[in-house]
Structure formats: C-alpha cells, structure tokens
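input-v1.cif, holding mmCIF, C-alpha atoms:
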data_final
loop_
_atom_site.label_atom_id
_atom_site.label_comp_id
_atom_site.auth_asym_id
_atom_site.auth_seq_id
_atom_site.Cartn_x
_atom_site.Cartn_y
_atom_site.Cartn_z
CA GLU A 1 83.92 82.45 95.38
CA ILE A 2 84.29 84.81 92.43
CA LEU A 3 83.40 82.06 89.96
CA ARG A 4 80.32 81.17 91.99
CA ALA A 5 79.25 84.81 92.02
CA LEU A 6 79.68 85.05 88.24
CA SER A 7 77.60 81.92 87.80
CA GLU A 8 74.83 83.26 90.02
CA LEU A 9 74.75 86.49 88.01
CA GLY A 10 74.37 84.55 84.78
CA ILE A 11 77.52 86.02 83.22
CA SER A 12 77.92 84.88 79.62
CA ALA A 13 81.35 86.28 78.77
CA VAL A 14 84.49 87.79 80.24
CA CYS A 15 86.70 90.25 78.39
CA ASP A 16 90.04 90.19 80.20
CA LEU A 17 91.95 93.38 79.41
CA ARG A 18 95.09 92.37 81.29
CA THR A 19 98.47 91.78 79.69
CA GLU A 20 99.93 88.30 79.40
CA HIS A 21 102.25 89.08 82.34
CA GLU A 22 99.33 90.16 84.52
CA ARG A 23 97.35 87.03 83.69
CA LEU A 24 100.31 84.75 84.43
CA ARG A 25 100.70 86.41 87.82
CA ASP A 26 97.03 85.97 88.66
CA PRO A 27 95.41 83.35 86.36
CA ALA A 28 91.67 83.39 85.72
CA ALA A 29 90.41 79.82 86.05
CA LEU A 30 87.17 80.29 84.15
CA SER A 31 84.91 77.75 82.56
CA ASP A 32 81.43 77.71 81.08
CA VAL A 33 81.75 81.30 79.89
CA HIS A 34 83.07 82.85 76.69
CA TYR A 35 86.52 84.19 77.62
CA TYR A 36 88.66 86.69 75.70
CA SER A 37 92.21 87.84 76.34
CA ARG A 38 95.16 88.88 74.20
CA ASP A 39 98.91 88.80 74.61
CA TYR A 40 100.39 92.28 74.57
CA ASP A 41 102.66 94.58 76.55
CA MET A 42 101.24 97.88 77.74
CA SER A 43 103.37 100.79 76.62
CA GLY A 44 102.93 102.62 79.93
CA GLY A 45 106.11 104.53 79.20
CA ASP A 46 105.07 107.50 81.28
CA LEU A 47 104.30 105.34 84.31
CA LYS A 48 107.49 103.28 83.94
CA ALA A 49 109.55 106.46 83.85
CA LEU A 50 107.63 107.71 86.86
CA PHE A 51 108.36 104.58 88.89
CA ALA A 52 112.07 105.04 88.23
CA THR A 53 112.05 108.22 90.30
CA ARG A 54 110.61 109.42 93.60
CA PHE A 55 107.69 111.03 91.90
CA THR A 56 105.44 113.83 93.06
CA ARG A 57 101.66 114.08 93.09
CA GLU A 58 101.82 116.47 90.12
CA ALA A 59 104.02 114.11 88.11
CA ALA A 60 101.77 111.16 88.93
CA THR A 61 98.67 113.07 87.79
CA ALA A 62 100.35 114.09 84.52
CA ALA A 63 101.50 110.51 83.88
CA MET A 64 97.98 109.16 84.42
CA GLN A 65 96.54 111.69 81.99
CA ALA A 66 99.14 110.67 79.40
CA THR A 67 98.30 107.00 79.98
CA TYR A 68 94.57 107.58 79.51
CA ALA A 69 95.25 109.45 76.27
CA GLN A 70 96.82 106.24 74.91
CA LEU A 71 94.13 103.83 76.09
CA PRO A 72 91.53 104.23 73.31
CA TYR A 73 94.16 103.24 70.74
CA GLU A 74 96.43 100.94 72.72
CA GLN A 75 93.42 98.90 73.79
CA ALA A 76 91.60 99.07 70.45
CA PRO A 77 91.87 95.31 69.68
CA SER A 78 90.42 94.42 73.08
CA TYR A 79 87.71 97.04 72.84
CA GLN A 80 86.78 95.69 69.40
CA ALA A 81 86.46 92.24 70.95
CA LEU A 82 84.35 93.60 73.79
CA PHE A 83 81.88 95.23 71.43
CA GLY A 84 81.90 92.06 69.35
CA MET A 85 80.77 90.12 72.40
CA LEU A 86 77.95 92.56 73.00
CA LEU A 87 76.83 92.43 69.38
CA ALA A 88 76.90 88.63 69.49
CA GLY A 89 74.48 88.71 72.39
CA LEU A 90 77.02 87.45 74.92
CA VAL A 91 75.46 89.37 77.78
CA PRO A 92 75.87 90.02 80.60
CA VAL A 93 79.58 90.46 79.91
CA VAL A 94 82.25 91.31 82.46
CA HIS A 95 85.22 93.36 81.32
CA THR A 96 88.09 93.62 83.75
CA CYS A 97 91.75 94.54 84.19
CA SER A 98 94.12 94.56 87.16
CA ALA A 99 92.76 97.58 89.02
CA ASP A 100 89.41 97.79 87.16
CA LYS A 101 89.95 101.53 86.77
CA ALA A 102 91.86 102.63 83.68
CA ARG A 103 91.42 100.07 80.88
CA THR A 104 88.09 98.95 82.33
CA GLY A 105 86.93 102.48 83.08
CA ALA A 106 87.68 103.71 79.58
CA ALA A 107 85.84 100.73 78.09
CA ALA A 108 82.78 101.40 80.24
CA ALA A 109 82.87 105.07 79.24
CA LEU A 110 82.91 104.08 75.56
CA ILE A 111 79.97 101.69 75.97
CA LEU A 112 77.88 104.31 77.75
CA SER A 113 78.82 106.97 75.20
CA LEU A 114 77.78 104.78 72.28
CA LEU A 115 74.47 104.19 74.01
CA GLY A 116 73.90 107.94 74.06
CA VAL A 117 74.50 108.53 77.76
CA PRO A 118 75.38 112.21 78.40
CA ARG A 119 79.05 112.88 79.13
CA ASP A 120 78.41 114.20 82.64
CA ILE A 121 76.66 110.94 83.56
CA VAL A 122 79.51 108.94 82.01
CA ILE A 123 81.97 110.87 84.17
CA HIS A 124 79.81 110.38 87.27
CA ASP A 125 79.69 106.63 86.63
CA TYR A 126 83.48 106.50 86.25
CA LEU A 127 84.05 108.42 89.49
CA LEU A 128 82.03 105.81 91.40
CA THR A 129 85.24 103.77 91.16
CA ASN A 130 86.55 105.83 94.06
CA GLY A 131 84.14 104.01 96.34
CA ALA A 132 86.56 101.08 96.17
CA ILE A 133 89.70 103.15 96.66
CA GLU A 134 90.51 101.75 100.10
CA SER A 135 90.45 98.19 98.80
CA LEU A 136 92.70 99.17 95.90
CA HIS A 137 95.00 100.96 98.33
CA ARG A 138 95.38 97.85 100.48
CA THR A 139 96.10 95.76 97.39
CA ALA A 140 98.77 98.20 96.23
CA LEU A 141 100.51 98.17 99.61
CA THR A 142 100.58 94.38 99.85
CA SER A 143 101.29 93.44 96.24
CA SER A 144 104.87 92.69 95.21
CA SER A 145 104.18 94.53 91.96
CA TYR A 146 103.66 97.79 93.81
CA GLY A 147 106.25 97.46 96.54
CA HIS A 148 107.68 100.91 95.86
CA PHE A 149 104.50 102.45 97.30
CA THR A 150 105.44 101.37 100.82
CA SER A 151 108.31 103.87 100.98
CA MET A 152 106.25 106.80 99.70
CA ALA A 153 103.79 109.23 101.15
CA PRO A 154 100.20 108.33 100.15
CA GLU A 155 99.55 111.85 98.83
CA ASP A 156 102.26 111.32 96.21
CA TYR A 157 100.97 108.05 94.75
CA TRP A 158 97.26 108.65 95.42
CA PRO A 159 96.64 109.96 91.86
CA LEU A 160 97.63 106.52 90.54
CA LEU A 161 94.88 104.85 92.55
CA ARG A 162 92.06 107.35 92.23
CA ALA A 163 89.67 107.90 89.34
CA GLU A 164 89.76 111.56 88.32
CA GLN A 165 87.64 113.35 85.75
CA ALA A 166 90.81 114.75 84.19
CA TYR A 167 91.90 111.23 83.27
CA LEU A 168 88.76 110.38 81.32
CA ASP A 169 88.74 113.88 79.83
CA SER A 170 92.22 113.10 78.52
CA ALA A 171 90.99 109.93 76.81
CA PHE A 172 88.14 111.76 75.08
CA ALA A 173 90.43 114.66 74.13
CA SER A 174 92.78 112.15 72.50
CA ILE A 175 89.86 110.71 70.54
CA ASP A 176 88.88 114.19 69.41
CA GLN A 177 92.44 115.01 68.33
CA ARG A 178 93.32 111.76 66.61
CA SER A 179 89.96 110.65 65.20
CA GLY A 180 88.05 113.91 64.92
CA GLY A 181 85.61 112.85 67.62
CA LEU A 182 83.77 109.80 68.86
CA THR A 183 82.01 109.16 65.53
CA GLY A 184 85.31 108.87 63.70
CA TYR A 185 86.81 106.73 66.43
CA VAL A 186 83.87 104.33 66.42
CA ARG A 187 83.99 104.03 62.63
CA ASP A 188 87.74 103.86 62.03
CA VAL A 189 89.17 102.33 65.22
CA LEU A 190 86.37 100.23 66.70
CA GLU A 191 85.16 99.47 63.15
CA LEU A 192 81.50 99.67 64.14
CA SER A 193 78.82 100.70 61.66
CA PRO A 194 75.74 102.84 62.36
CA ALA A 195 73.74 99.61 62.17
CA ASP A 196 75.98 98.10 64.86
CA ILE A 197 75.33 101.08 67.13
CA GLU A 198 71.59 100.82 66.56
CA GLN A 199 71.74 97.13 67.41
CA LEU A 200 73.63 97.82 70.63
CA GLN A 201 71.13 100.47 71.66
CA SER A 202 68.24 98.16 70.87
CA MET A 203 69.79 95.36 72.92
CA LEU A 204 71.02 97.34 75.92
CA LEU A 205 68.54 100.17 76.38
CA GLU A 206 65.07 99.83 77.86
#
Go through the file and emit its structure as structure tokens.
Amino acid sequence: EILRALSELGISAVCDLRTEHERLRDPAALSDVHYYSRDYDMSGGDLKALFATRFTREAATAAMQATYAQLPYEQAPSYQALFGMLLAGLVPVVHTCSADKARTGAAAALILSLLGVPRDIVIHDYLLTNGAIESLHRTALTSSSYGHFTSMAPEDYWPLLRAEQAYLDSAFASIDQRSGGLTGYVRDVLELSPADIEQLQSMLLE
C-alpha cells in the first residue's frame, strides 16, 4: 500500500534516516526509486540513560532537547546525502526515520531554512507533526521496542512523542554555538556552496 502510494505520487528518491538496526527490524522493500541509507548507531546517550530509570516529564523533555542538539551533527552524513539528492534533481524526495519527528523534522527544518522560510513558519511546520500524535502513541504502546511505556503514565513519556518548539530551538542553538550560525553550518558541515543554495531555491521555490 505504501509503495503504491509512493508510485502514485511520483516519488523519485527516498532518504532513509534510520539506523541499520531500525531498518533490519522493519525493512523497506523499495524498487524503482533512488534509495539512500547508511549504517550507523545513534548516540542517544541521554535517551538510553533515561530509559534505564523511571523518568519524569521534566527529565524526558531535557533528554529530548539534548538529543535534538546532537542531530545536526550526528546526522550530517545523511543530511548531506539528502541535499545531494535535491541538487541532483531527484524530486520529489521522501526523507523518513522511525517516528518521522526528530531526524526527519530537523531535516525538514534545515531544508525550509535554506530556502529562506522564516523561522516562525519553520517552527509552525514542525509542530504540525503533533497532528499524528495519536497514531505515534498507539505505535509506541504496541511496539516491542517501546514496551517500557506500558508501565508508565502517559504524562511522563508524552514529551518523547510530541514535537515541541523547544526541541527544534535546541537544534538551532547548537548550530549557532558550534558553527557560528546556519551559514557556517551549511558551509562547513553540509558542505554546500552559495551556488548550491541558489540552485536549490531556483528548483524548489515558485
């Protein structure tokens, strides 16, 4: 069903941001599209430490902010590949991860930012993720990977499922601190030139 939907949408490429372990657990049987993935282990140290305890809502929120601060750099190789697909004209392109919230959300925020979309609109777009929160909640409660949620109060683990402005703010703050801002990050981490940015804007903006 998903493959048929992708075909009907005319998808040219898929950038799979999941780890090798995540892909083995739920393989993507794709054909007739350009497909990218890479083998890596997410650091996720803050979340792993969190799962080892009966965490609180406050601890979960702090852990998510710490995770988002790592994403622009931890996912740099995949984000480079994603922008490479766009520059190669492999559009429309789908980029996805397990929950389609953190890795995917940060990538979408970067794309919109490079296209010149104002930050408040980028944030608004990211928060639209919460429209699918009930579906994500059901997945978390039934998945063997998230079995620990079943013994917890929803208000404690809810920050792990929701999209919050503070999370994306943390990612951009990390970029500001480590790369001196988005311009430095795009140049030094994504390795995109001003000409690349102009090309993306020409291709993707009306």
Report task. Report as a PyMOL selection string the residues that result from applying the PyMOL selection byres ((chain A and resi 105-122) around 9) to the structure here. Result -> chain A and resi 68+71-72+75+79+82-83+95-96+100-104+123-127+129+163+168+171+182+186+197-198+200-201+204-205
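For the residues A:Glu74, A:Asp41, A:Asp26, A:Glu206, ranking by smallest atom-to-atom distance to Leu190 (chain A) using only C-alpha atoms places A:Glu74 first.
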Query - Resolved residues for the PyMOL selection byres ((chain A and resi 12) around 7) as number ranges by chain - result: A: 10-11, 13, 33-34, 90-93
Please produce a file of those selected residues containing C-alpha atoms, as a CSV table (one decimal), in the coordinates of the input.
chain,number,residue,atom,x,y,z
A,10,GLY,CA,74.4,84.6,84.8
A,11,ILE,CA,77.5,86.0,83.2
A,13,ALA,CA,81.4,86.3,78.8
A,33,VAL,CA,81.8,81.3,79.9
A,34,HIS,CA,83.1,82.8,76.7
A,90,LEU,CA,77.0,87.4,74.9
A,91,VAL,CA,75.5,89.4,77.8
A,92,PRO,CA,75.9,90.0,80.6
A,93,VAL,CA,79.6,90.5,79.9
Query raised in the report: On this structure, which residues satisfy the PyMOL selection byres ((chain A and resi 78) around 8), written as a VMD selection string?
Result: chain A and resid 15 17 37 to 38 75 to 77 79 to 82
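Among the candidate residues A:Leu9, A:Ala99, A:Ile175, A:Ala60, the one lying nearest to Trp158 (chain A) is A:Ala60, with distances computed using all atoms listed in the file.
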Report task. Between A:Met42, A:Ala195, A:Ala28, A:Ile133, single out the one closest to Gln70 (chain A), counting all atoms listed in the file. Result -> A:Met42
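Here the question is which of A:Phe55, A:Tyr73, A:Tyr167, A:Tyr40 gets nearest to Val189 (chain A) using only C-alpha atoms, and that residue is A:Tyr73.
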Query raised in the report: For Val94 (chain A), which residue among A:Leu192, A:Met203, A:Ala63, A:Val14 is the nearest when counting all atoms listed in the file?
Result: A:Val14
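Coordinates place CA of Asp16 (chain A) at a distance of 23.9 Å from CA of Gln165 (chain A).
Note that CA of Ala69 (chain A) and CA of Pro154 (chain A) are 24.4 Å apart.
From CA of Gly89 (chain A) back to CA of Ser7 (chain A), the distance works out to 17.1 Å.
Nearest residue to Thr67 (chain A) among A:Asn130, A:Ser170, A:Ser98, A:Thr19 is A:Ser170, counting all atoms listed in the file.
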Report task. List the neighbours of Asp156 (chain A) out to 10 Å using all atoms listed in the file; skip same-chain residues closer than 4 positions along the sequence, and give me the result as a PyMOL selection string. Result -> chain A and resi 54-61+149+152+160
